[in-house]
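model.tsv, holding TSV, C-alpha atoms and all ligand atoms:
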```tsv
chain	number	residue	atom	x	y	z
A	27	MET	CA	-31.57	32.60	10.13
A	28	VAL	CA	-29.85	29.22	9.92
A	29	ILE	CA	-30.79	26.55	12.45
A	30	ARG	CA	-28.21	24.67	14.48
A	31	ARG	CA	-27.77	21.07	13.33
A	32	ASN	CA	-28.95	18.53	15.89
A	33	CYS	CA	-25.71	16.58	15.69
A	34	PHE	CA	-23.89	19.31	17.67
A	35	LYS	CA	-26.13	18.48	20.63
A	36	ASN	CA	-24.92	14.90	20.47
A	37	LEU	CA	-21.27	15.85	20.87
A	38	LYS	CA	-19.68	15.98	24.28
A	39	ASN	CA	-19.26	19.58	25.48
A	40	SER	CA	-15.63	19.66	24.59
A	41	TYR	CA	-13.36	17.61	22.34
A	42	LEU	CA	-10.99	15.51	24.46
A	43	PHE	CA	-7.78	17.48	23.95
A	44	PRO	CA	-9.11	20.98	24.75
A	45	GLU	CA	-10.53	19.46	27.98
A	46	ILE	CA	-7.10	18.06	28.82
A	47	SER	CA	-5.56	21.51	28.17
A	48	ARG	CA	-8.20	23.16	30.32
A	49	ARG	CA	-7.45	20.84	33.26
A	50	LYS	CA	-3.71	21.23	32.72
A	51	ASN	CA	-3.91	25.05	32.72
A	52	LEU	CA	-6.11	25.08	35.84
A	53	PHE	CA	-3.60	22.85	37.60
A	54	LEU	CA	-0.69	25.08	36.56
A	55	GLU	CA	-2.52	28.20	37.76
A	56	LYS	CA	-2.84	26.64	41.20
A	57	ASN	CA	0.61	25.04	41.14
A	58	PRO	CA	2.83	27.46	39.19
A	59	GLU	CA	6.02	25.77	40.38
A	60	ALA	CA	4.97	22.32	39.21
A	61	LYS	CA	6.98	20.62	36.50
A	62	LEU	CA	4.43	18.87	34.36
A	63	ILE	CA	5.11	16.09	31.87
A	64	SER	CA	2.15	16.31	29.54
A	65	LEU	CA	0.68	12.93	28.69
A	66	GLY	CA	-2.29	14.45	26.87
A	67	ILE	CA	-2.40	14.93	23.11
A	68	GLY	CA	0.21	12.88	21.25
A	69	ASP	CA	2.22	15.82	19.98
A	70	THR	CA	5.83	16.03	18.86
A	71	VAL	CA	8.26	18.29	20.71
A	72	LEU	CA	11.60	18.11	18.88
A	73	PRO	CA	12.35	20.99	16.48
A	74	PHE	CA	12.82	20.36	12.74
A	75	GLY	CA	16.18	18.84	11.83
A	76	PRO	CA	18.60	20.66	9.50
A	77	ILE	CA	17.55	18.75	6.33
A	78	LEU	CA	13.88	19.67	6.71
A	79	THR	CA	14.68	23.25	7.75
A	80	LYS	CA	16.93	23.69	4.70
A	81	ALA	CA	14.34	22.20	2.33
A	82	LEU	CA	11.64	24.54	3.65
A	83	THR	CA	13.92	27.57	3.43
A	84	THR	CA	15.00	26.73	-0.13
A	85	ALA	CA	11.41	26.06	-1.18
A	86	SER	CA	10.34	29.38	0.26
A	87	ILE	CA	13.15	31.26	-1.57
A	88	GLU	CA	12.22	29.48	-4.83
A	89	LEU	CA	8.59	30.50	-4.43
A	90	GLY	CA	9.85	34.08	-4.27
A	91	THR	CA	11.26	33.88	-7.81
A	92	GLU	CA	9.45	34.10	-11.13
A	93	GLU	CA	10.75	30.73	-12.30
A	94	GLY	CA	10.11	28.98	-9.01
A	95	TYR	CA	6.66	30.31	-8.15
A	96	ILE	CA	3.84	27.74	-8.02
A	97	GLY	CA	0.20	28.62	-7.52
A	98	TYR	CA	-2.47	25.94	-7.08
A	99	GLY	CA	-0.86	22.55	-7.55
A	100	ASP	CA	-2.26	19.16	-8.46
A	101	GLU	CA	-5.10	18.53	-5.92
A	102	GLN	CA	-3.88	14.96	-5.57
A	103	GLY	CA	-0.43	16.20	-4.54
A	104	MET	CA	3.00	16.56	-6.14
A	105	TYR	CA	3.83	13.53	-8.24
A	106	GLU	CA	7.40	13.37	-6.87
A	107	LEU	CA	6.06	13.09	-3.32
A	108	ARG	CA	3.48	10.46	-4.25
A	109	GLU	CA	6.21	8.48	-6.02
A	110	LYS	CA	8.43	8.61	-2.92
A	111	ILE	CA	5.59	7.43	-0.67
A	112	ALA	CA	4.74	4.65	-3.13
A	113	SER	CA	8.32	3.38	-3.29
A	114	GLU	CA	9.62	4.06	0.23
A	115	ILE	CA	6.53	3.23	2.28
A	116	TYR	CA	4.56	0.84	0.10
A	117	LYS	CA	7.51	-0.81	-1.73
A	118	ASN	CA	5.64	-0.09	-4.98
A	119	GLN	CA	2.71	-2.31	-3.99
A	120	ILE	CA	0.64	0.88	-4.29
A	121	SER	CA	0.94	3.18	-7.30
A	122	PRO	CA	1.43	6.99	-7.01
A	123	ASP	CA	-1.94	7.28	-8.71
A	124	GLU	CA	-3.61	5.66	-5.67
A	125	ILE	CA	-2.01	8.12	-3.23
A	126	PHE	CA	-3.72	11.41	-2.36
A	127	ILE	CA	-1.63	13.96	-0.46
A	128	SER	CA	-3.49	15.81	2.30
A	129	ASP	CA	-3.06	18.40	5.01
A	130	GLY	CA	-3.06	15.64	7.63
A	131	ALA	CA	-4.79	12.40	8.55
A	132	LYS	CA	-7.40	14.05	10.77
A	133	CYS	CA	-8.54	16.36	7.94
A	134	ASP	CA	-8.66	13.41	5.54
A	135	ILE	CA	-10.74	11.36	7.98
A	136	GLY	CA	-13.20	14.28	8.09
A	137	ARG	CA	-13.35	14.46	4.29
A	138	LEU	CA	-13.76	10.68	4.01
A	139	GLN	CA	-16.66	10.95	6.43
A	140	THR	CA	-18.19	13.48	4.01
A	141	LEU	CA	-17.66	11.01	1.16
A	142	PHE	CA	-19.70	8.30	2.90
A	143	GLY	CA	-22.39	10.58	4.34
A	144	ASN	CA	-24.76	9.83	7.20
A	145	ASP	CA	-26.71	6.87	5.95
A	146	ILE	CA	-24.19	4.23	7.01
A	147	ARG	CA	-23.56	2.00	10.02
A	148	ILE	CA	-20.11	2.30	11.51
A	149	GLY	CA	-18.02	0.24	13.90
A	150	LEU	CA	-15.14	1.48	16.04
A	151	GLN	CA	-12.51	-0.13	18.19
A	152	ASP	CA	-13.23	0.56	21.81
A	153	PRO	CA	-11.13	2.42	22.91
A	154	SER	CA	-10.22	4.52	19.89
A	155	TYR	CA	-8.99	7.90	18.60
A	156	PRO	CA	-11.92	10.32	19.20
A	157	VAL	CA	-12.12	11.73	15.64
A	158	TYR	CA	-13.70	8.52	14.32
A	159	ILE	CA	-16.74	8.80	16.56
A	160	GLU	CA	-17.01	12.58	16.84
A	161	GLY	CA	-16.52	13.15	13.09
A	162	SER	CA	-19.21	10.54	12.45
A	163	ILE	CA	-21.59	12.26	14.87
A	164	LEU	CA	-20.92	15.53	13.02
A	165	GLN	CA	-21.93	13.80	9.79
A	166	GLY	CA	-25.23	12.95	11.46
A	167	ILE	CA	-24.49	9.23	11.67
A	168	ASP	CA	-26.47	7.59	14.47
A	169	LYS	CA	-25.76	3.91	13.85
A	170	ILE	CA	-22.48	3.69	15.72
A	171	THR	CA	-21.20	0.53	17.40
A	172	CYS	CA	-18.26	0.52	19.75
A	173	ILE	CA	-16.70	-2.92	19.41
A	174	PRO	CA	-15.08	-4.32	22.54
A	175	CYS	CA	-11.32	-4.78	22.05
A	176	PRO	CA	-10.20	-6.31	25.35
A	177	PHE	CA	-6.57	-6.27	26.46
A	178	THR	CA	-6.80	-10.02	26.92
A	179	TYR	CA	-7.25	-10.23	23.15
A	180	ASN	CA	-4.36	-7.88	22.09
A	181	PHE	CA	-7.03	-5.14	21.90
A	182	PHE	CA	-8.34	-6.90	18.78
A	183	PRO	CA	-12.06	-6.45	17.96
A	184	GLU	CA	-14.25	-9.32	19.03
A	185	LEU	CA	-15.57	-10.13	15.57
A	186	SER	CA	-18.46	-12.19	16.94
A	187	LYS	CA	-19.75	-9.05	18.69
A	188	ILE	CA	-19.91	-6.91	15.55
A	189	PRO	CA	-23.48	-6.25	14.38
A	190	PRO	CA	-24.06	-5.52	10.66
A	191	ILE	CA	-21.97	-2.46	9.74
A	192	ASP	CA	-20.76	-0.75	6.54
A	193	LEU	CA	-17.58	0.96	7.69
A	194	LEU	CA	-15.05	-0.19	10.27
A	195	TYR	CA	-12.37	2.11	11.70
A	196	ILE	CA	-9.12	0.34	12.56
A	197	CYS	CA	-6.02	2.00	13.96
A	198	SER	CA	-2.78	0.01	14.22
A	199	PRO	CA	-0.40	0.84	15.87
A	200	ASN	CA	-3.19	2.00	18.06
A	201	ASN	CA	-3.82	5.32	19.69
A	202	PRO	CA	-4.47	5.00	22.63
A	203	THR	CA	-3.59	1.39	23.52
A	204	GLY	CA	-0.22	1.06	21.76
A	205	ALA	CA	-1.34	-2.34	20.41
A	206	VAL	CA	-0.18	-3.43	16.95
A	207	TYR	CA	-2.02	-6.14	15.02
A	208	THR	CA	-0.12	-9.05	13.50
A	209	HIS	CA	-0.39	-10.26	9.89
A	210	GLU	CA	-2.73	-13.02	11.04
A	211	GLU	CA	-4.99	-10.58	12.88
A	212	LEU	CA	-5.17	-8.15	9.96
A	213	GLN	CA	-5.77	-11.08	7.59
A	214	GLN	CA	-8.71	-12.11	9.80
A	215	LEU	CA	-10.08	-8.57	9.61
A	216	VAL	CA	-9.70	-8.33	5.84
A	217	SER	CA	-11.36	-11.73	5.32
A	218	TYR	CA	-14.16	-10.72	7.69
A	219	ALA	CA	-14.64	-7.41	5.86
A	220	LYS	CA	-14.77	-9.20	2.51
A	221	SER	CA	-17.30	-11.76	3.68
A	222	LYS	CA	-19.55	-9.15	5.34
A	223	LYS	CA	-19.03	-6.44	2.70
A	224	ILE	CA	-17.49	-3.95	5.10
A	225	LEU	CA	-15.14	-1.15	4.13
A	226	ILE	CA	-12.14	-0.78	6.48
A	227	LEU	CA	-10.77	2.69	7.17
A	228	PHE	CA	-7.26	1.88	8.35
A	229	ASP	CA	-5.34	4.56	10.22
A	230	GLY	CA	-1.58	3.91	10.09
A	231	ALA	CA	-0.42	7.25	11.55
A	232	TYR	CA	2.07	5.47	13.86
A	233	SER	CA	3.35	2.79	11.47
A	234	SER	CA	6.89	4.23	11.49
A	235	TYR	CA	7.11	3.43	15.23
A	236	ILE	CA	6.89	-0.32	14.64
A	237	GLN	CA	10.18	-1.84	15.78
A	238	ASP	CA	9.44	-5.51	15.17
A	239	PRO	CA	10.07	-6.28	11.46
A	240	ALA	CA	7.58	-9.17	11.61
A	241	LEU	CA	4.64	-6.79	12.19
A	242	PRO	CA	2.72	-5.29	9.23
A	243	ARG	CA	3.28	-1.56	8.65
A	244	THR	CA	0.34	-1.11	6.32
A	245	ILE	CA	-2.94	-2.91	5.70
A	246	PHE	CA	-1.84	-3.35	2.10
A	247	GLU	CA	0.66	-6.00	3.20
A	248	ILE	CA	-2.43	-8.19	3.61
A	249	ASP	CA	-3.83	-10.23	0.71
A	250	GLY	CA	-7.12	-8.89	-0.52
A	251	ALA	CA	-6.88	-5.58	1.38
A	252	LYS	CA	-7.04	-3.52	-1.81
A	253	GLU	CA	-10.62	-4.69	-2.30
A	254	VAL	CA	-11.81	-3.60	1.15
A	255	ALA	CA	-9.54	-0.94	2.63
A	256	ILE	CA	-8.61	2.71	2.58
A	257	GLU	CA	-5.52	3.78	4.50
A	258	VAL	CA	-4.98	7.22	6.00
A	259	ASN	CA	-1.51	8.21	7.11
A	260	SER	CA	0.47	11.21	8.20
A	261	PHE	CA	3.85	12.94	8.31
A	262	SER	CA	2.92	14.29	11.77
A	263	LYS	CA	4.25	11.51	13.94
A	264	TYR	CA	6.50	10.14	11.20
A	265	ALA	CA	8.54	13.28	10.67
A	266	GLY	CA	7.40	15.94	13.17
A	267	PHE	CA	4.90	17.72	10.86
A	268	THR	CA	2.14	18.20	13.45
A	269	GLY	CA	2.30	21.98	12.93
A	270	LEU	CA	3.47	21.96	9.30
A	271	ARG	CA	0.60	19.64	8.25
A	272	LEU	CA	1.04	16.85	5.71
A	273	GLY	CA	-0.51	13.44	5.28
A	274	TRP	CA	-1.88	11.10	2.67
A	275	SER	CA	-4.60	8.60	1.92
A	276	VAL	CA	-4.44	5.49	-0.22
A	277	ILE	CA	-7.54	4.63	-2.21
A	278	PRO	CA	-6.90	1.52	-4.30
A	279	ARG	CA	-8.16	1.64	-7.87
A	280	GLU	CA	-10.18	-1.56	-7.44
A	281	LEU	CA	-12.05	-0.36	-4.34
A	282	ALA	CA	-15.75	-0.16	-5.15
A	283	TYR	CA	-19.09	0.72	-3.58
A	284	GLU	CA	-21.84	-1.86	-3.15
A	285	GLY	CA	-23.09	-0.91	-6.65
A	286	GLY	CA	-19.67	-1.41	-8.23
A	287	GLU	CA	-18.85	2.29	-8.79
A	288	SER	CA	-15.28	3.43	-8.17
A	289	ILE	CA	-14.54	4.99	-4.76
A	290	TRP	CA	-11.23	6.30	-6.17
A	291	LYS	CA	-13.11	8.40	-8.77
A	292	ASP	CA	-15.41	9.98	-6.19
A	293	TRP	CA	-12.52	10.68	-3.81
A	294	LYS	CA	-10.64	12.43	-6.61
A	295	ARG	CA	-13.77	14.44	-7.44
A	296	LEU	CA	-14.43	15.33	-3.80
A	297	ASN	CA	-10.84	16.49	-3.29
A	298	ALA	CA	-10.95	18.62	-6.42
A	299	THR	CA	-14.19	20.18	-5.19
A	300	ILE	CA	-13.60	20.94	-1.52
A	301	PHE	CA	-9.82	20.63	-1.05
A	302	ASN	CA	-7.23	22.43	-3.12
A	303	GLY	CA	-4.31	20.27	-2.11
A	304	ALA	CA	-1.68	20.43	0.64
A	305	SER	CA	0.65	23.42	0.93
A	306	ILE	CA	3.52	23.41	-1.57
A	307	LEU	CA	5.98	24.12	1.26
A	308	SER	CA	4.88	21.11	3.32
A	309	GLN	CA	5.05	18.90	0.26
A	310	LYS	CA	8.59	20.04	-0.52
A	311	GLY	CA	9.45	19.31	3.12
A	312	GLY	CA	7.87	15.87	2.68
A	313	ILE	CA	10.03	15.14	-0.38
A	314	ALA	CA	13.17	16.17	1.53
A	315	VAL	CA	12.61	13.79	4.43
A	316	PHE	CA	12.83	10.82	2.05
A	317	LYS	CA	16.48	11.63	1.32
A	318	LYS	CA	19.03	9.50	3.17
A	319	GLU	CA	19.88	12.32	5.65
A	320	GLY	CA	16.17	13.11	6.05
A	321	MET	CA	15.51	9.48	6.96
A	322	ASP	CA	18.30	9.69	9.56
A	323	GLU	CA	16.53	12.71	11.09
A	324	ILE	CA	13.27	10.77	11.22
A	325	GLN	CA	14.94	7.77	12.84
A	326	PHE	CA	16.56	9.99	15.47
A	327	ARG	CA	13.11	11.36	16.40
A	328	ILE	CA	11.43	7.99	16.51
A	329	ASN	CA	14.18	6.63	18.76
A	330	TYR	CA	13.76	9.65	21.07
A	331	TYR	CA	9.97	9.22	21.45
A	332	MET	CA	10.26	5.47	21.86
A	333	LYS	CA	12.88	5.93	24.57
A	334	ASN	CA	10.45	8.27	26.40
A	335	ALA	CA	7.72	5.65	26.07
A	336	ARG	CA	9.96	2.90	27.43
A	337	GLU	CA	11.04	5.04	30.40
A	338	LEU	CA	7.45	5.97	31.22
A	339	LYS	CA	6.43	2.36	30.89
A	340	SER	CA	9.06	1.20	33.34
A	341	ALA	CA	8.03	4.01	35.74
A	342	PHE	CA	4.39	2.87	35.67
A	343	VAL	CA	5.42	-0.77	36.00
A	344	SER	CA	7.59	0.05	39.02
A	345	LEU	CA	4.52	1.70	40.59
A	346	GLY	CA	2.72	-1.64	40.22
A	347	TYR	CA	0.52	-0.89	37.21
A	348	GLN	CA	-0.16	-3.26	34.35
A	349	VAL	CA	0.97	-1.44	31.21
A	350	PHE	CA	0.53	-2.19	27.49
A	351	GLY	CA	2.13	-0.60	24.43
A	352	GLY	CA	5.36	1.38	24.31
A	353	GLU	CA	7.14	-1.30	22.26
A	354	ASN	CA	5.92	-0.76	18.71
A	355	ALA	CA	4.02	2.47	19.32
A	356	PRO	CA	4.69	5.57	21.42
A	357	TYR	CA	1.42	5.03	23.33
A	358	LEU	CA	1.01	3.37	26.72
A	359	TRP	CA	-2.22	1.91	28.05
A	360	VAL	CA	-2.22	1.74	31.82
A	361	GLN	CA	-4.80	-0.41	33.56
A	362	VAL	CA	-6.40	1.46	36.48
A	363	PRO	CA	-8.95	-1.04	37.73
A	364	LYS	CA	-11.96	0.30	39.60
A	365	GLN	CA	-10.97	3.93	39.01
A	366	ASN	CA	-12.60	6.45	36.73
A	367	SER	CA	-10.09	7.51	34.04
A	368	TRP	CA	-10.72	11.27	34.53
A	369	ASP	CA	-10.17	10.83	38.29
A	370	ILE	CA	-6.84	9.16	37.79
A	371	PHE	CA	-5.90	11.76	35.17
A	372	GLN	CA	-6.70	14.53	37.66
B	401	LIG	N1	-4.69	9.37	13.55
B	401	LIG	C1	-4.30	9.11	14.80
B	401	LIG	C2	-4.50	7.73	15.32
B	401	LIG	C3	-3.75	10.10	15.61
B	401	LIG	O1	-3.38	9.81	16.85
B	401	LIG	C4	-3.59	11.40	15.08
B	401	LIG	C5	-3.05	12.49	15.89
B	401	LIG	O2	-2.80	12.39	17.06
B	401	LIG	C6	-4.02	11.64	13.78
B	401	LIG	C7	-4.56	10.61	13.03
B	401	LIG	C8	-3.97	13.02	13.21
B	401	LIG	O3	-2.86	13.20	12.41
B	401	LIG	P1	-2.62	14.53	11.62
B	401	LIG	O4	-1.73	15.40	12.44
B	401	LIG	O5	-1.96	14.07	10.34
B	401	LIG	O6	-3.93	15.17	11.34
```

What do you get writing this file as structure tokens?
Ligand code: PLP
Amino acid sequence: MVIRRNCFKNLKNSYLFPEISRRKNLFLEKNPEAKLISLGIGDTVLPFGPILTKALTTASIELGTEEGYIGYGDEQGMYELREKIASEIYKNQISPDEIFISDGAKCDIGRLQTLFGNDIRIGLQDPSYPVYIEGSILQGIDKITCIPCPFTYNFFPELSKIPPIDLLYICSPNNPTGAVYTHEELQQLVSYAKSKKILILFDGAYSSYIQDPALPRTIFEIDGAKEVAIEVNSFSKYAGFTGLRLGWSVIPRELAYEGGESIWKDWKRLNATIFNGASILSQKGGIAVFKKEGMDEIQFRINYYMKNARELKSAFVSLGYQVFGGENAPYLWVQVPKQNSWDIFQ
């Protein structure tokens, strides 16, 4: 019989979001009349807009015809979609060849963790999105450093407190703090990574929420980033695909391991081996949202979630809390000094 891997013992009993659901359901059982605004998992709630719905319907009808049927596609993703991402999101600073379409950023983070294996030292922003640490534990990684990112420092990692590491997870706009790093801050990080030979795994899942045009929307706006960074990104929060599933990763051609071998080549190989590409339907939906009317639908959604964030922020502020975020990200970070976060959640 197979033996349970030790790493499962090192995980907390439950992943964060199922625990939130459990507490929420218990509360609702006891208080069935309560109207609850869920501040748990960052999910979308608005239904698909007409452009996306039409694209998915048409794609589905086409798949039902002999001429329109597609079986397995290119594991890297449809070229048309990669071209749209390259031109619309990266202003052609990244080539379609460096973009890998996925079934979502979380799944890609998991596969990237497989790519780098367990014999590495990782650093994480503290606080950070739980997949970085829990996925690493699942890989069997035990050299994990949580780097203090104090609010007094725009939640930026205190570089002087980073011990030797190989891989650094950075999320900006940040889940959960709502902080967004400036060009100068990201430049500092990229220079630091270059000098210490660290690979940055940059999560830009909320980049479309940035309102201030002076803030960087991708790490690849920073000089030298192509030599040290991978970016994961997603249609989930960008275009309401949390259930449909679609994302992408950017692996620059010049990105190399310590020994000089190409990371791009191994990522392509790994995807061809254990991932058969994102669903054709989601990809067709992804292509549609880049049309002018599709972009209008996206903007409508972003404005809606940002309005919610602003209203919640002003509610917390009026209760006397110190609140961060909610300006260039849908997340709010509320300071609750001297209280345990689960207690205040409860
Ligand atoms: N990265 C961050 C920072 C997130 O907050 C989330 C989802 O909440 C994801 C990635 C996951 O995105 P996806 O739905 O594409 O897997």

Can you pull out every residue within 12 Å of Cys133 of chain A, counting only C-alpha atoms, but drop anything in the same chain fewer than 2 positions away, and send it as a ChimeraX atom specification?
/A:127-131,135-140,157-158,161,258-260,271-275,297,300-301,303-304

Can you spit out the residues from that selection as an mmCIF file, in the frame of the given file, using C-alpha atoms?
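Result file is part-v2.cif:
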```
data_model
loop_
_atom_site.group_PDB
_atom_site.id
_atom_site.type_symbol
_atom_site.label_atom_id
_atom_site.label_comp_id
_atom_site.auth_asym_id
_atom_site.auth_seq_id
_atom_site.Cartn_x
_atom_site.Cartn_y
_atom_site.Cartn_z
ATOM 1 C CA ILE A 127 -1.630 13.960 -0.460
ATOM 2 C CA SER A 128 -3.490 15.810 2.300
ATOM 3 C CA ASP A 129 -3.060 18.400 5.010
ATOM 4 C CA GLY A 130 -3.060 15.640 7.630
ATOM 5 C CA ALA A 131 -4.790 12.400 8.550
ATOM 6 C CA ILE A 135 -10.740 11.360 7.980
ATOM 7 C CA GLY A 136 -13.200 14.280 8.090
ATOM 8 C CA ARG A 137 -13.350 14.460 4.290
ATOM 9 C CA LEU A 138 -13.760 10.680 4.010
ATOM 10 C CA GLN A 139 -16.660 10.950 6.430
ATOM 11 C CA THR A 140 -18.190 13.480 4.010
ATOM 12 C CA VAL A 157 -12.120 11.730 15.640
ATOM 13 C CA TYR A 158 -13.700 8.520 14.320
ATOM 14 C CA GLY A 161 -16.520 13.150 13.090
ATOM 15 C CA VAL A 258 -4.980 7.220 6.000
ATOM 16 C CA ASN A 259 -1.510 8.210 7.110
ATOM 17 C CA SER A 260 0.470 11.210 8.200
ATOM 18 C CA ARG A 271 0.600 19.640 8.250
ATOM 19 C CA LEU A 272 1.040 16.850 5.710
ATOM 20 C CA GLY A 273 -0.510 13.440 5.280
ATOM 21 C CA TRP A 274 -1.880 11.100 2.670
ATOM 22 C CA SER A 275 -4.600 8.600 1.920
ATOM 23 C CA ASN A 297 -10.840 16.490 -3.290
ATOM 24 C CA ILE A 300 -13.600 20.940 -1.520
ATOM 25 C CA PHE A 301 -9.820 20.630 -1.050
ATOM 26 C CA GLY A 303 -4.310 20.270 -2.110
ATOM 27 C CA ALA A 304 -1.680 20.430 0.640
#
```

Against segment 202-226 of chain A, which residues of segment 250-285 of chain A fall within 10 Å? For each one I want the closest pair of atoms and the distance in Å (one decimal), counting only C-alpha atoms, rows by chain and increasing residue number, as a Markdown table.
```
| residue | atom | partner | partner_atom | distance |
| --- | --- | --- | --- | --- |
| A:Gly250 | CA | A:Val216 | CA | 6.9 |
| A:Ala251 | CA | A:Val216 | CA | 6.0 |
| A:Lys252 | CA | A:Val216 | CA | 9.4 |
| A:Glu253 | CA | A:Lys220 | CA | 7.8 |
| A:Val254 | CA | A:Leu225 | CA | 5.1 |
| A:Ala255 | CA | A:Ile226 | CA | 4.6 |
| A:Ile256 | CA | A:Ile226 | CA | 6.3 |
| A:Glu257 | CA | A:Ile226 | CA | 8.3 |
| A:Leu281 | CA | A:Leu225 | CA | 9.1 |
| A:Ala282 | CA | A:Leu225 | CA | 9.4 |
| A:Tyr283 | CA | A:Leu225 | CA | 8.9 |
| A:Glu284 | CA | A:Lys223 | CA | 7.9 |
```

What separation in Å, quoted to one decimal, exists between atom CA of Phe181 of chain A and atom CA of Leu194 of chain A?
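Atom CA of Leu194 of chain A lies 15.0 Å from atom CA of Phe181 of chain A.
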
Among listed residues A:Gln348, A:Asn57, A:Thr178, A:Ser234, nearest Phe326 of chain A (using only C-alpha atoms)
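Closest candidate: A:Ser234.
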
Quick check, in Å to one decimal: how far apart do atom CA of Met104 of chain A and atom CA of Arg327 of chain A lie?
25.2 Å

Local residues around (-22.7, 3.9, 11.0), at most 6 Å away, using only C-alpha atoms, as a PDB file with C-alpha atoms, keeping the file's coordinate frame:
```pdb
ATOM      1  CA  ILE A 146     -24.190   4.230   7.010  1.00  0.00           C
ATOM      2  CA  ARG A 147     -23.560   2.000  10.020  1.00  0.00           C
ATOM      3  CA  ILE A 148     -20.110   2.300  11.510  1.00  0.00           C
ATOM      4  CA  ILE A 167     -24.490   9.230  11.670  1.00  0.00           C
ATOM      5  CA  LYS A 169     -25.760   3.910  13.850  1.00  0.00           C
ATOM      6  CA  ILE A 170     -22.480   3.690  15.720  1.00  0.00           C
TER       7      ILE A 170
END
```

Report the centre and edge lengths, in Å to one decimal, of an axis-aligned box enclosing every atom of ligand LIG 401 (chain B) listed in the file, padded by 5 Å on each side, as JSON.
```
{"center_x": -3.2, "center_y": 11.6, "center_z": 13.7, "size_x": 13.0, "size_y": 17.7, "size_z": 16.7}
```

Selection near Arg243 of chain A, 9 Å with only C-alpha atoms, sequence-local residues under 2 positions removed, as a list in words
Ile115, Tyr116, Ser198, Pro199, Gly230, Tyr232, Ser233, Ser234, Ile236, Pro239, Leu241, Ile245, Phe246 and Glu247 of chain A

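One distance worth recording is that between atom CA of Leu150 of chain A and atom CA of Thr171 of chain A, which is 6.3 Å.
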
Option closest in space to Asn200 of chain A, from A:Gln309, A:Asn354, A:Gln372, A:Asn366 [counting only C-alpha atoms]
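That would be A:Asn354, the residue with the smallest distance to Asn200 of chain A.
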
Just checking: using all atoms listed in the file, which residue out of A:Ser121, A:Gln102, A:Lys317, A:Phe371 ends up closest to Phe53 of chain A?
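Smallest separation from Phe53 of chain A among the options: A:Phe371.
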